[in-house]
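A.B. asks: One file is attached below, entry-v2.pdb, containing PDB, C-alpha atoms, pLDDT in the B column.
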ATOM      1  CA  MET A1412     -26.867  78.185  32.687  1.00 43.00           C
ATOM      2  CA  LYS A1413     -29.162  76.470  35.171  1.00 48.00           C
ATOM      3  CA  GLU A1414     -31.242  79.606  35.683  1.00 53.00           C
ATOM      4  CA  ASP A1415     -32.642  79.739  32.132  1.00 79.00           C
ATOM      5  CA  ILE A1416     -33.904  76.622  30.359  1.00 84.00           C
ATOM      6  CA  LEU A1417     -33.981  78.426  26.989  1.00 89.00           C
ATOM      7  CA  GLU A1418     -30.271  79.249  27.307  1.00 91.00           C
ATOM      8  CA  GLN A1419     -29.579  75.584  28.087  1.00 88.00           C
ATOM      9  CA  LEU A1420     -31.545  74.532  25.035  1.00 89.00           C
ATOM     10  CA  VAL A1421     -29.813  77.067  22.782  1.00 93.00           C
ATOM     11  CA  ASP A1422     -26.400  75.992  24.066  1.00 92.00           C
ATOM     12  CA  GLY A1423     -27.231  72.328  23.424  1.00 88.00           C
ATOM     13  CA  TYR A1424     -28.718  73.102  20.007  1.00 90.00           C
ATOM     14  CA  PHE A1425     -25.560  74.799  18.774  1.00 93.00           C
ATOM     15  CA  LEU A1426     -23.217  72.306  20.460  1.00 89.00           C
ATOM     16  CA  SER A1427     -24.943  69.513  18.524  1.00 85.00           C
ATOM     17  CA  LYS A1428     -23.658  71.014  15.275  1.00 89.00           C
ATOM     18  CA  PRO A1429     -20.355  69.706  13.832  1.00 90.00           C
ATOM     19  CA  ALA A1430     -17.095  71.457  14.797  1.00 94.00           C
ATOM     20  CA  THR A1431     -18.873  73.930  17.061  1.00 95.00           C
ATOM     21  CA  PHE A1432     -17.837  75.374  20.410  1.00 95.00           C
ATOM     22  CA  THR A1433     -19.931  77.573  22.672  1.00 96.00           C
ATOM     23  CA  LYS A1434     -19.496  79.980  25.529  1.00 96.00           C
ATOM     24  CA  HIS A1435     -22.284  81.562  27.541  1.00 92.00           C
ATOM     25  CA  ASN A1436     -22.975  84.621  29.694  1.00 94.00           C
ATOM     26  CA  VAL A1437     -20.123  86.615  28.148  1.00 97.00           C
ATOM     27  CA  LYS A1438     -20.083  90.025  29.830  1.00 96.00           C
ATOM     28  CA  PHE A1439     -19.365  93.274  28.008  1.00 95.00           C
ATOM     29  CA  LYS A1440     -19.656  97.031  28.476  1.00 92.00           C
ATOM     30  CA  PRO A1441     -18.102 100.133  26.901  1.00 87.00           C
ATOM     31  CA  LYS A1442     -14.481 100.910  27.777  1.00 86.00           C
ATOM     32  CA  LYS A1443     -13.890 104.008  29.886  1.00 81.00           C
ATOM     33  CA  GLU A1444     -11.921 105.733  27.139  1.00 80.00           C
ATOM     34  CA  ASN A1445     -14.845 105.335  24.715  1.00 75.00           C
ATOM     35  CA  ILE A1446     -17.273 107.186  26.978  1.00 79.00           C
ATOM     36  CA  SER A1447     -14.853 109.686  28.594  1.00 76.00           C
ATOM     37  CA  HIS A1448     -16.455 112.564  26.667  1.00 81.00           C
ATOM     38  CA  LEU A1449     -19.856 111.980  28.295  1.00 78.00           C
ATOM     39  CA  ASP A1450     -21.140 113.717  31.420  1.00 72.00           C
ATOM     40  CA  LYS A1451     -21.702 111.841  34.668  1.00 73.00           C
ATOM     41  CA  LYS A1452     -25.410 111.250  34.047  1.00 73.00           C
ATOM     42  CA  ALA A1453     -24.804 109.888  30.552  1.00 74.00           C
ATOM     43  CA  LYS A1454     -22.030 107.610  31.808  1.00 74.00           C
ATOM     44  CA  SER A1455     -24.445 106.033  34.303  1.00 74.00           C
ATOM     45  CA  LYS A1456     -26.088 104.186  31.385  1.00 78.00           C
ATOM     46  CA  PHE A1457     -22.915 102.117  31.096  1.00 79.00           C
ATOM     47  CA  SER A1458     -22.133 101.387  34.750  1.00 77.00           C
ATOM     48  CA  VAL A1459     -23.486  97.824  34.738  1.00 84.00           C
ATOM     49  CA  SER A1460     -22.272  95.150  32.318  1.00 89.00           C
ATOM     50  CA  SER A1461     -24.586  93.463  29.857  1.00 93.00           C
ATOM     51  CA  ASP A1462     -23.937  89.934  28.618  1.00 95.00           C
ATOM     52  CA  ILE A1463     -24.132  87.780  25.521  1.00 97.00           C
ATOM     53  CA  ASP A1464     -26.302  84.786  26.422  1.00 96.00           C
ATOM     54  CA  VAL A1465     -24.646  82.273  24.094  1.00 97.00           C
ATOM     55  CA  LEU A1466     -21.710  82.667  21.717  1.00 97.00           C
ATOM     56  CA  ALA A1467     -20.992  79.863  19.221  1.00 98.00           C
ATOM     57  CA  VAL A1468     -18.088  79.378  16.815  1.00 98.00           C
ATOM     58  CA  HIS A1469     -18.519  77.004  13.871  1.00 97.00           C
ATOM     59  CA  LEU A1470     -15.077  75.986  12.640  1.00 97.00           C
ATOM     60  CA  ASN A1471     -16.392  74.606   9.341  1.00 96.00           C
ATOM     61  CA  GLU A1472     -18.114  77.848   8.329  1.00 97.00           C
ATOM     62  CA  LYS A1473     -16.935  81.188   6.925  1.00 96.00           C
ATOM     63  CA  ASN A1474     -17.889  84.878   7.089  1.00 96.00           C
ATOM     64  CA  GLU A1475     -21.062  85.640   9.090  1.00 97.00           C
ATOM     65  CA  LYS A1476     -21.929  81.924   9.345  1.00 97.00           C
ATOM     66  CA  ARG A1477     -18.772  81.176  11.335  1.00 98.00           C
ATOM     67  CA  VAL A1478     -19.972  82.949  14.488  1.00 98.00           C
ATOM     68  CA  SER A1479     -23.450  82.847  16.044  1.00 98.00           C
ATOM     69  CA  VAL A1480     -24.322  85.385  18.720  1.00 98.00           C
ATOM     70  CA  ILE A1481     -27.550  84.517  20.505  1.00 98.00           C
ATOM     71  CA  SER A1482     -29.786  86.726  22.633  1.00 97.00           C
ATOM     72  CA  CYS A1483     -32.342  84.589  24.506  1.00 95.00           C
ATOM     73  CA  LYS A1484     -35.799  85.982  25.290  1.00 94.00           C
ATOM     74  CA  SER A1485     -37.656  83.218  27.129  1.00 89.00           C
ATOM     75  CA  TRP A1486     -40.947  85.060  27.544  1.00 89.00           C
ATOM     76  CA  GLN A1487     -43.774  82.562  28.011  1.00 85.00           C
ATOM     77  CA  ASP A1488     -46.302  84.448  25.885  1.00 87.00           C
ATOM     78  CA  GLY A1489     -43.878  84.775  22.977  1.00 90.00           C
ATOM     79  CA  PHE A1490     -41.950  87.583  21.303  1.00 93.00           C
ATOM     80  CA  ASN A1491     -43.889  90.580  20.011  1.00 93.00           C
ATOM     81  CA  ILE A1492     -41.866  91.535  16.937  1.00 93.00           C
ATOM     82  CA  ASP A1493     -44.073  94.490  15.954  1.00 93.00           C
ATOM     83  CA  PHE A1494     -43.903  96.021  19.430  1.00 93.00           C
ATOM     84  CA  PHE A1495     -40.130  95.818  19.741  1.00 95.00           C
ATOM     85  CA  TYR A1496     -39.487  96.917  16.168  1.00 95.00           C
ATOM     86  CA  GLU A1497     -41.640 100.013  16.651  1.00 94.00           C
ATOM     87  CA  HIS A1498     -40.248 100.794  20.122  1.00 95.00           C
ATOM     88  CA  LEU A1499     -36.604 100.355  19.152  1.00 96.00           C
ATOM     89  CA  ILE A1500     -36.577 102.462  15.991  1.00 96.00           C
ATOM     90  CA  ASP A1501     -38.401 105.341  17.732  1.00 94.00           C
ATOM     91  CA  GLU A1502     -36.110 107.200  20.180  1.00 91.00           C
ATOM     92  CA  GLU A1503     -39.009 108.340  22.358  1.00 91.00           C
ATOM     93  CA  LYS A1504     -40.641 104.922  22.576  1.00 94.00           C
ATOM     94  CA  ARG A1505     -37.362 103.248  23.583  1.00 93.00           C
ATOM     95  CA  ASN A1506     -37.868 104.393  27.148  1.00 89.00           C
ATOM     96  CA  VAL A1507     -41.242 102.671  27.532  1.00 93.00           C
ATOM     97  CA  ARG A1508     -41.103 100.255  30.435  1.00 90.00           C
ATOM     98  CA  VAL A1509     -41.185  96.554  29.478  1.00 87.00           C
ATOM     99  CA  GLY A1510     -41.139  94.260  32.490  1.00 81.00           C
ATOM    100  CA  THR A1511     -38.274  95.303  34.751  1.00 82.00           C
ATOM    101  CA  SER A1512     -36.494  97.690  32.367  1.00 86.00           C
ATOM    102  CA  ASP A1513     -36.888 100.073  29.428  1.00 91.00           C
ATOM    103  CA  ALA A1514     -37.461  98.599  25.966  1.00 93.00           C
ATOM    104  CA  TRP A1515     -34.037  99.678  24.648  1.00 93.00           C
ATOM    105  CA  LYS A1516     -32.221  97.821  27.425  1.00 92.00           C
ATOM    106  CA  LYS A1517     -33.544  94.520  26.084  1.00 94.00           C
ATOM    107  CA  PHE A1518     -31.597  95.154  22.849  1.00 96.00           C
ATOM    108  CA  ARG A1519     -29.060  97.841  23.737  1.00 95.00           C
ATOM    109  CA  GLU A1520     -26.535  96.618  21.136  1.00 97.00           C
ATOM    110  CA  LEU A1521     -29.084  97.246  18.354  1.00 98.00           C
ATOM    111  CA  VAL A1522     -29.820 100.890  19.122  1.00 96.00           C
ATOM    112  CA  GLU A1523     -27.082 102.458  21.271  1.00 93.00           C
ATOM    113  CA  PRO A1524     -23.753 103.105  19.445  1.00 94.00           C
ATOM    114  CA  ASN A1525     -21.528 102.839  22.547  1.00 92.00           C
ATOM    115  CA  TRP A1526     -23.093  99.526  23.555  1.00 94.00           C
ATOM    116  CA  ALA A1527     -22.906  98.330  19.941  1.00 96.00           C
ATOM    117  CA  LYS A1528     -19.176  99.097  19.796  1.00 96.00           C
ATOM    118  CA  ALA A1529     -18.562  97.214  23.053  1.00 96.00           C
ATOM    119  CA  PHE A1530     -20.638  94.317  21.715  1.00 97.00           C
ATOM    120  CA  ARG A1531     -18.646  94.110  18.465  1.00 98.00           C
ATOM    121  CA  GLU A1532     -15.318  94.359  20.278  1.00 97.00           C
ATOM    122  CA  LYS A1533     -16.232  91.582  22.719  1.00 97.00           C
ATOM    123  CA  ILE A1534     -17.253  89.283  19.862  1.00 98.00           C
ATOM    124  CA  GLU A1535     -13.968  89.964  18.077  1.00 98.00           C
ATOM    125  CA  GLU A1536     -12.040  89.395  21.301  1.00 97.00           C
ATOM    126  CA  GLU A1537     -13.721  86.011  21.848  1.00 98.00           C
ATOM    127  CA  THR A1538     -13.880  84.752  18.243  1.00 98.00           C
ATOM    128  CA  ASN A1539     -11.280  86.755  16.284  1.00 97.00           C
ATOM    129  CA  SER A1540     -14.081  87.880  13.949  1.00 97.00           C
ATOM    130  CA  PHE A1541     -16.301  90.925  13.484  1.00 98.00           C
ATOM    131  CA  ASP A1542     -18.577  88.946  11.136  1.00 98.00           C
ATOM    132  CA  PHE A1543     -21.468  87.078  12.757  1.00 98.00           C
ATOM    133  CA  THR A1544     -25.123  86.085  12.679  1.00 98.00           C
ATOM    134  CA  TYR A1545     -27.172  87.694  15.421  1.00 98.00           C
ATOM    135  CA  TYR A1546     -29.904  85.301  16.589  1.00 98.00           C
ATOM    136  CA  ILE A1547     -32.851  86.219  18.778  1.00 97.00           C
ATOM    137  CA  ALA A1548     -33.911  82.952  20.412  1.00 96.00           C
ATOM    138  CA  ILE A1549     -37.552  82.971  21.536  1.00 95.00           C
ATOM    139  CA  THR A1550     -40.311  80.626  22.672  1.00 92.00           C
ATOM    140  CA  LYS A1551     -42.548  81.651  19.771  1.00 92.00           C
ATOM    141  CA  ILE A1552     -43.490  84.632  17.633  1.00 91.00           C
ATOM    142  CA  LYS A1553     -46.649  86.445  18.678  1.00 86.00           C
ATOM    143  CA  LYS A1554     -49.178  86.648  15.874  1.00 78.00           C
ATOM    144  CA  ASN A1555     -49.778  90.322  15.062  1.00 70.00           C
ATOM    145  CA  LYS A1556     -51.455  92.120  12.207  1.00 63.00           C
ATOM    146  CA  GLY A1557     -48.203  93.536  10.880  1.00 62.00           C
ATOM    147  CA  LEU A1558     -45.723  90.824  11.833  1.00 79.00           C
ATOM    148  CA  LYS A1559     -42.691  92.901  10.888  1.00 90.00           C
ATOM    149  CA  ILE A1560     -40.227  90.007  10.702  1.00 93.00           C
ATOM    150  CA  ASP A1561     -38.472  91.143   7.526  1.00 94.00           C
ATOM    151  CA  GLU A1562     -38.451  94.787   8.640  1.00 95.00           C
ATOM    152  CA  PHE A1563     -36.754  93.792  11.900  1.00 96.00           C
ATOM    153  CA  LYS A1564     -34.170  91.544  10.201  1.00 96.00           C
ATOM    154  CA  LYS A1565     -33.336  94.153   7.559  1.00 97.00           C
ATOM    155  CA  CYS A1566     -33.561  97.271   9.749  1.00 97.00           C
ATOM    156  CA  LYS A1567     -30.750  99.641   8.756  1.00 97.00           C
ATOM    157  CA  LEU A1568     -30.404 101.024  12.294  1.00 97.00           C
ATOM    158  CA  PHE A1569     -29.903  97.569  13.792  1.00 98.00           C
ATOM    159  CA  LEU A1570     -27.579  96.308  11.061  1.00 98.00           C
ATOM    160  CA  ASP A1571     -25.484  99.497  11.060  1.00 98.00           C
ATOM    161  CA  ASN A1572     -24.904  99.210  14.808  1.00 98.00           C
ATOM    162  CA  LEU A1573     -24.013  95.519  14.623  1.00 98.00           C
ATOM    163  CA  SER A1574     -21.789  95.835  11.529  1.00 98.00           C
ATOM    164  CA  ASP A1575     -20.160  99.200  12.305  1.00 97.00           C
ATOM    165  CA  ASN A1576     -22.018 100.870   9.436  1.00 97.00           C
ATOM    166  CA  GLY A1577     -21.490  98.052   6.972  1.00 97.00           C
ATOM    167  CA  LYS A1578     -17.787  97.415   7.614  1.00 98.00           C
ATOM    168  CA  HIS A1579     -18.506  93.812   8.592  1.00 98.00           C
ATOM    169  CA  LYS A1580     -20.821  91.005   7.452  1.00 98.00           C
ATOM    170  CA  VAL A1581     -23.761  90.646   9.814  1.00 98.00           C
ATOM    171  CA  LYS A1582     -27.193  89.020   9.586  1.00 98.00           C
ATOM    172  CA  ILE A1583     -30.162  89.042  11.975  1.00 98.00           C
ATOM    173  CA  GLU A1584     -32.257  85.883  12.386  1.00 97.00           C
ATOM    174  CA  PHE A1585     -34.985  84.585  14.704  1.00 96.00           C
ATOM    175  CA  LEU A1586     -34.772  81.123  16.261  1.00 96.00           C
ATOM    176  CA  THR A1587     -37.924  79.686  17.846  1.00 93.00           C
ATOM    177  CA  LEU A1588     -38.278  76.853  20.323  1.00 90.00           C
ATOM    178  CA  GLU A1589     -40.154  74.899  17.655  1.00 89.00           C
ATOM    179  CA  ASP A1590     -37.288  75.376  15.168  1.00 90.00           C
ATOM    180  CA  MET A1591     -34.738  73.983  17.612  1.00 89.00           C
ATOM    181  CA  LEU A1592     -36.752  71.046  18.946  1.00 85.00           C
ATOM    182  CA  THR A1593     -37.874  69.981  15.471  1.00 83.00           C
ATOM    183  CA  GLU A1594     -34.328  70.026  14.105  1.00 83.00           C
ATOM    184  CA  ILE A1595     -32.904  68.104  17.055  1.00 78.00           C
ATOM    185  CA  PHE A1596     -35.755  65.580  16.944  1.00 75.00           C
ATOM    186  CA  ASN A1597     -35.426  64.978  13.203  1.00 76.00           C
ATOM    187  CA  GLU A1598     -31.697  64.318  13.285  1.00 70.00           C
ATOM    188  CA  LYS A1599     -30.652  60.808  12.365  1.00 58.00           C
ATOM    189  CA  SER A1600     -31.045  58.636  15.456  1.00 58.00           C
ATOM    190  CA  ASN A1601     -28.166  56.612  16.867  1.00 58.00           C
ATOM    191  CA  THR A1602     -27.344  54.783  20.070  1.00 50.00           C
ATOM    192  CA  THR A1603     -24.444  57.034  21.038  1.00 56.00           C
ATOM    193  CA  ILE A1604     -25.329  59.137  24.080  1.00 50.00           C
ATOM    194  CA  GLU A1605     -25.729  62.789  23.134  1.00 60.00           C
ATOM    195  CA  ALA A1606     -23.300  65.310  24.615  1.00 61.00           C
ATOM    196  CA  THR A1607     -25.901  67.782  25.935  1.00 67.00           C
ATOM    197  CA  GLU A1608     -28.838  67.532  28.333  1.00 69.00           C
ATOM    198  CA  ILE A1609     -31.366  68.611  25.720  1.00 71.00           C
ATOM    199  CA  GLY A1610     -29.845  66.193  23.212  1.00 69.00           C
ATOM    200  CA  ARG A1611     -30.182  63.291  25.643  1.00 71.00           C
ATOM    201  CA  PHE A1612     -33.743  64.300  26.515  1.00 72.00           C
ATOM    202  CA  MET A1613     -34.780  64.434  22.838  1.00 71.00           C
ATOM    203  CA  GLN A1614     -33.016  61.113  22.284  1.00 73.00           C
ATOM    204  CA  LEU A1615     -35.197  59.572  24.999  1.00 73.00           C
ATOM    205  CA  ILE A1616     -38.344  61.085  23.464  1.00 74.00           C
ATOM    206  CA  LYS A1617     -37.455  59.495  20.135  1.00 72.00           C
ATOM    207  CA  ALA A1618     -36.573  56.162  21.782  1.00 73.00           C
ATOM    208  CA  ALA A1619     -39.999  56.151  23.419  1.00 71.00           C
ATOM    209  CA  GLU A1620     -41.465  56.549  19.901  1.00 70.00           C
ATOM    210  CA  LEU A1621     -43.197  59.777  20.863  1.00 70.00           C
ATOM    211  CA  LYS A1622     -43.890  62.496  18.307  1.00 72.00           C
ATOM    212  CA  ILE A1623     -43.617  66.258  18.429  1.00 68.00           C
ATOM    213  CA  GLU A1624     -46.770  67.870  17.118  1.00 67.00           C
ATOM    214  CA  LYS A1625     -47.670  71.541  17.135  1.00 64.00           C
TER
END
Give the structure from this file in structure tokens form.
C.D. replies:
Amino acid sequence: MKEDILEQLVDGYFLSKPATFTKHNVKFKPKKENISHLDKKAKSKFSVSSDIDVLAVHLNEKNEKRVSVISCKSWQDGFNIDFFYEHLIDEEKRNVRVGTSDAWKKFRELVEPNWAKAFREKIEEETNSFDFTYYIAITKIKKNKGLKIDEFKKCKLFLDNLSDNGKHKVKIEFLTLEDMLTEIFNEKSNTTIEATEIGRFMQLIKAAELKIEK
């Protein structure tokens, strides 16, 4: 957790919620029997495990609200929703290089059926549920002309892969740094020491009578 401050913040944000437990860096990849029909080259796409950044279970909730699955993208210049939406739904554009890897590898569970199946099975193994809310935690949303937020959240391709073609209840949501800090900061103050590092830090900010302004 120490290597990514956004993951620490996300973990603390969800842990601050009542009756919630979290686990982070949960590794997953397709089982050998599920890709046995593929040739050697195709199988190479699944040789290295991916991981779920943060997995949270909310004991007081039901259906897709009971489990939160969070993918953290701590890019300093923000998350370009239009770019990723357009490059994930187009099979040819998925292979465009973004940073150190192809675009599809940033969200393999959204577009690749074998990775999606492994993703669903790992969530069920850890939480005993196939229903969940899939959060993309980001620093901020880049301001574009299109700003395809709703298109991304309601994309049939993404939702079908996450829900096994509608068999399970799944939602896609975005969670910004501003959303998390504002919610933590506005919680009712008390003198009890918070359980997480980010909670204690925000408690000190409030004690110092500082304000968070955009």
A.B. asks: List, as a ChimeraX atom specification, every residue that the PyMOL selection byres ((chain A and resi 1458) around 12) selects in the file provided.
C.D. replies: /A:1439-1443,1446,1451-1457,1459-1461,1526
A.B. asks: Write out as number ranges by chain the residues lying within 9 Å of Thr1587 of chain A, counting all atoms listed in the file and excluding same-chain residues fewer than 6 positions away.
C.D. replies: A: 1547-1552
A.B. asks: Suppose you want the space between atom CA of Arg1531 of chain A and atom CA of Leu1558 of chain A; what is it in Å?
C.D. replies: 28.1 Å
A.B. asks: Go through the shown structure with the PyMOL selection byres ((chain A and resi 1496) around 9) and write out the matching residues as a ChimeraX atom specification.
C.D. replies: /A:1491-1495,1497-1501,1559-1560,1562-1563,1566
A.B. asks: Write a file of the selected residues as a PDB file, in the frame of the given file, keeping C-alpha atoms.
C.D. replies:
ATOM      1  CA  ASN A1491     -43.889  90.580  20.011  1.00 93.00           C
ATOM      2  CA  ILE A1492     -41.866  91.535  16.937  1.00 93.00           C
ATOM      3  CA  ASP A1493     -44.073  94.490  15.954  1.00 93.00           C
ATOM      4  CA  PHE A1494     -43.903  96.021  19.430  1.00 93.00           C
ATOM      5  CA  PHE A1495     -40.130  95.818  19.741  1.00 95.00           C
ATOM      6  CA  GLU A1497     -41.640 100.013  16.651  1.00 94.00           C
ATOM      7  CA  HIS A1498     -40.248 100.794  20.122  1.00 95.00           C
ATOM      8  CA  LEU A1499     -36.604 100.355  19.152  1.00 96.00           C
ATOM      9  CA  ILE A1500     -36.577 102.462  15.991  1.00 96.00           C
ATOM     10  CA  ASP A1501     -38.401 105.341  17.732  1.00 94.00           C
ATOM     11  CA  LYS A1559     -42.691  92.901  10.888  1.00 90.00           C
ATOM     12  CA  ILE A1560     -40.227  90.007  10.702  1.00 93.00           C
ATOM     13  CA  GLU A1562     -38.451  94.787   8.640  1.00 95.00           C
ATOM     14  CA  PHE A1563     -36.754  93.792  11.900  1.00 96.00           C
ATOM     15  CA  CYS A1566     -33.561  97.271   9.749  1.00 97.00           C
TER      16      CYS A1566
END
A.B. asks: Quick one: axis-aligned box around all listed atoms of segment 1577-1585 of chain A, 8 Å on every side, centre and edge lengths in Å to one decimal, written as lines of an AutoDock Vina configuration file.
C.D. replies:
center_x = -26.4
center_y = 91.3
center_z = 10.8
size_x = 33.2
size_y = 29.5
size_z = 23.7
A.B. asks: So how many Å separate atom CA of Lys1582 of chain A and atom CA of Thr1544 of chain A, to one decimal?
C.D. replies: 4.7 Å
A.B. asks: Quick check, in Å to one decimal: how far apart do atom CA of Ile1609 of chain A and atom CA of Phe1596 of chain A lie?
C.D. replies: 10.3 Å
A.B. asks: What lies within 8 Å of segment 1476-1484 of chain A using only C-alpha atoms, ignoring chain neighbours under 2 positions off, as a short mmCIF file (atom, residue, chain, number, x, y, z; two decimals) with C-alpha atoms, in the coordinates of the input?
C.D. replies:
data_model
loop_
_atom_site.label_atom_id
_atom_site.label_comp_id
_atom_site.auth_asym_id
_atom_site.auth_seq_id
_atom_site.Cartn_x
_atom_site.Cartn_y
_atom_site.Cartn_z
CA LEU A 1417 -33.98 78.43 26.99
CA GLU A 1418 -30.27 79.25 27.31
CA ILE A 1463 -24.13 87.78 25.52
CA ASP A 1464 -26.30 84.79 26.42
CA VAL A 1465 -24.65 82.27 24.09
CA LEU A 1466 -21.71 82.67 21.72
CA ALA A 1467 -20.99 79.86 19.22
CA VAL A 1468 -18.09 79.38 16.82
CA HIS A 1469 -18.52 77.00 13.87
CA LEU A 1470 -15.08 75.99 12.64
CA ASN A 1471 -16.39 74.61 9.34
CA GLU A 1472 -18.11 77.85 8.33
CA LYS A 1473 -16.93 81.19 6.92
CA ASN A 1474 -17.89 84.88 7.09
CA TRP A 1486 -40.95 85.06 27.54
CA PHE A 1490 -41.95 87.58 21.30
CA THR A 1538 -13.88 84.75 18.24
CA SER A 1540 -14.08 87.88 13.95
CA ASP A 1542 -18.58 88.95 11.14
CA PHE A 1543 -21.47 87.08 12.76
CA THR A 1544 -25.12 86.08 12.68
CA TYR A 1545 -27.17 87.69 15.42
CA TYR A 1546 -29.90 85.30 16.59
CA ILE A 1547 -32.85 86.22 18.78
CA ALA A 1548 -33.91 82.95 20.41
CA ILE A 1549 -37.55 82.97 21.54
CA THR A 1550 -40.31 80.63 22.67
#
A.B. asks: Compare A:Ser1427, A:Asn1436, A:Ser1447, A:Asn1539 by their minimum atom-to-atom distance to Met1613 of chain A, counting only C-alpha atoms, and give me the closest one.
C.D. replies: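 Using only C-alpha atoms, the shortest distance to Met1613 of chain A belongs to A:Ser1427.
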A.B. asks: To verify the selection step, state as a ChimeraX atom specification which residues the PyMOL selection byres ((chain A and resi 1589) around 10) yields on this input.
C.D. replies: /A:1549-1551,1586-1588,1590-1595,1623-1625
A.B. asks: Using only C-alpha atoms, which residue out of A:Asp1450, A:Glu1598, A:Glu1475, A:Glu1523 lies closest to Lys1580 of chain A?
C.D. replies: A:Glu1475
A.B. asks: Leaving out Ala1514 of chain A and any residue of its chain fewer than 5 positions from it, which residues lie within 7 Å of it when counting only C-alpha atoms, given as a PDB file with C-alpha atoms, keeping the file's coordinate frame?
C.D. replies:
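Saved as selection30.pdb:
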ATOM      1  CA  HIS A1498     -40.248 100.794  20.122  1.00 95.00           C
ATOM      2  CA  ARG A1505     -37.362 103.248  23.583  1.00 93.00           C
ATOM      3  CA  ASN A1506     -37.868 104.393  27.148  1.00 89.00           C
ATOM      4  CA  VAL A1507     -41.242 102.671  27.532  1.00 93.00           C
ATOM      5  CA  ARG A1508     -41.103 100.255  30.435  1.00 90.00           C
ATOM      6  CA  VAL A1509     -41.185  96.554  29.478  1.00 87.00           C
TER       7      VAL A1509
END
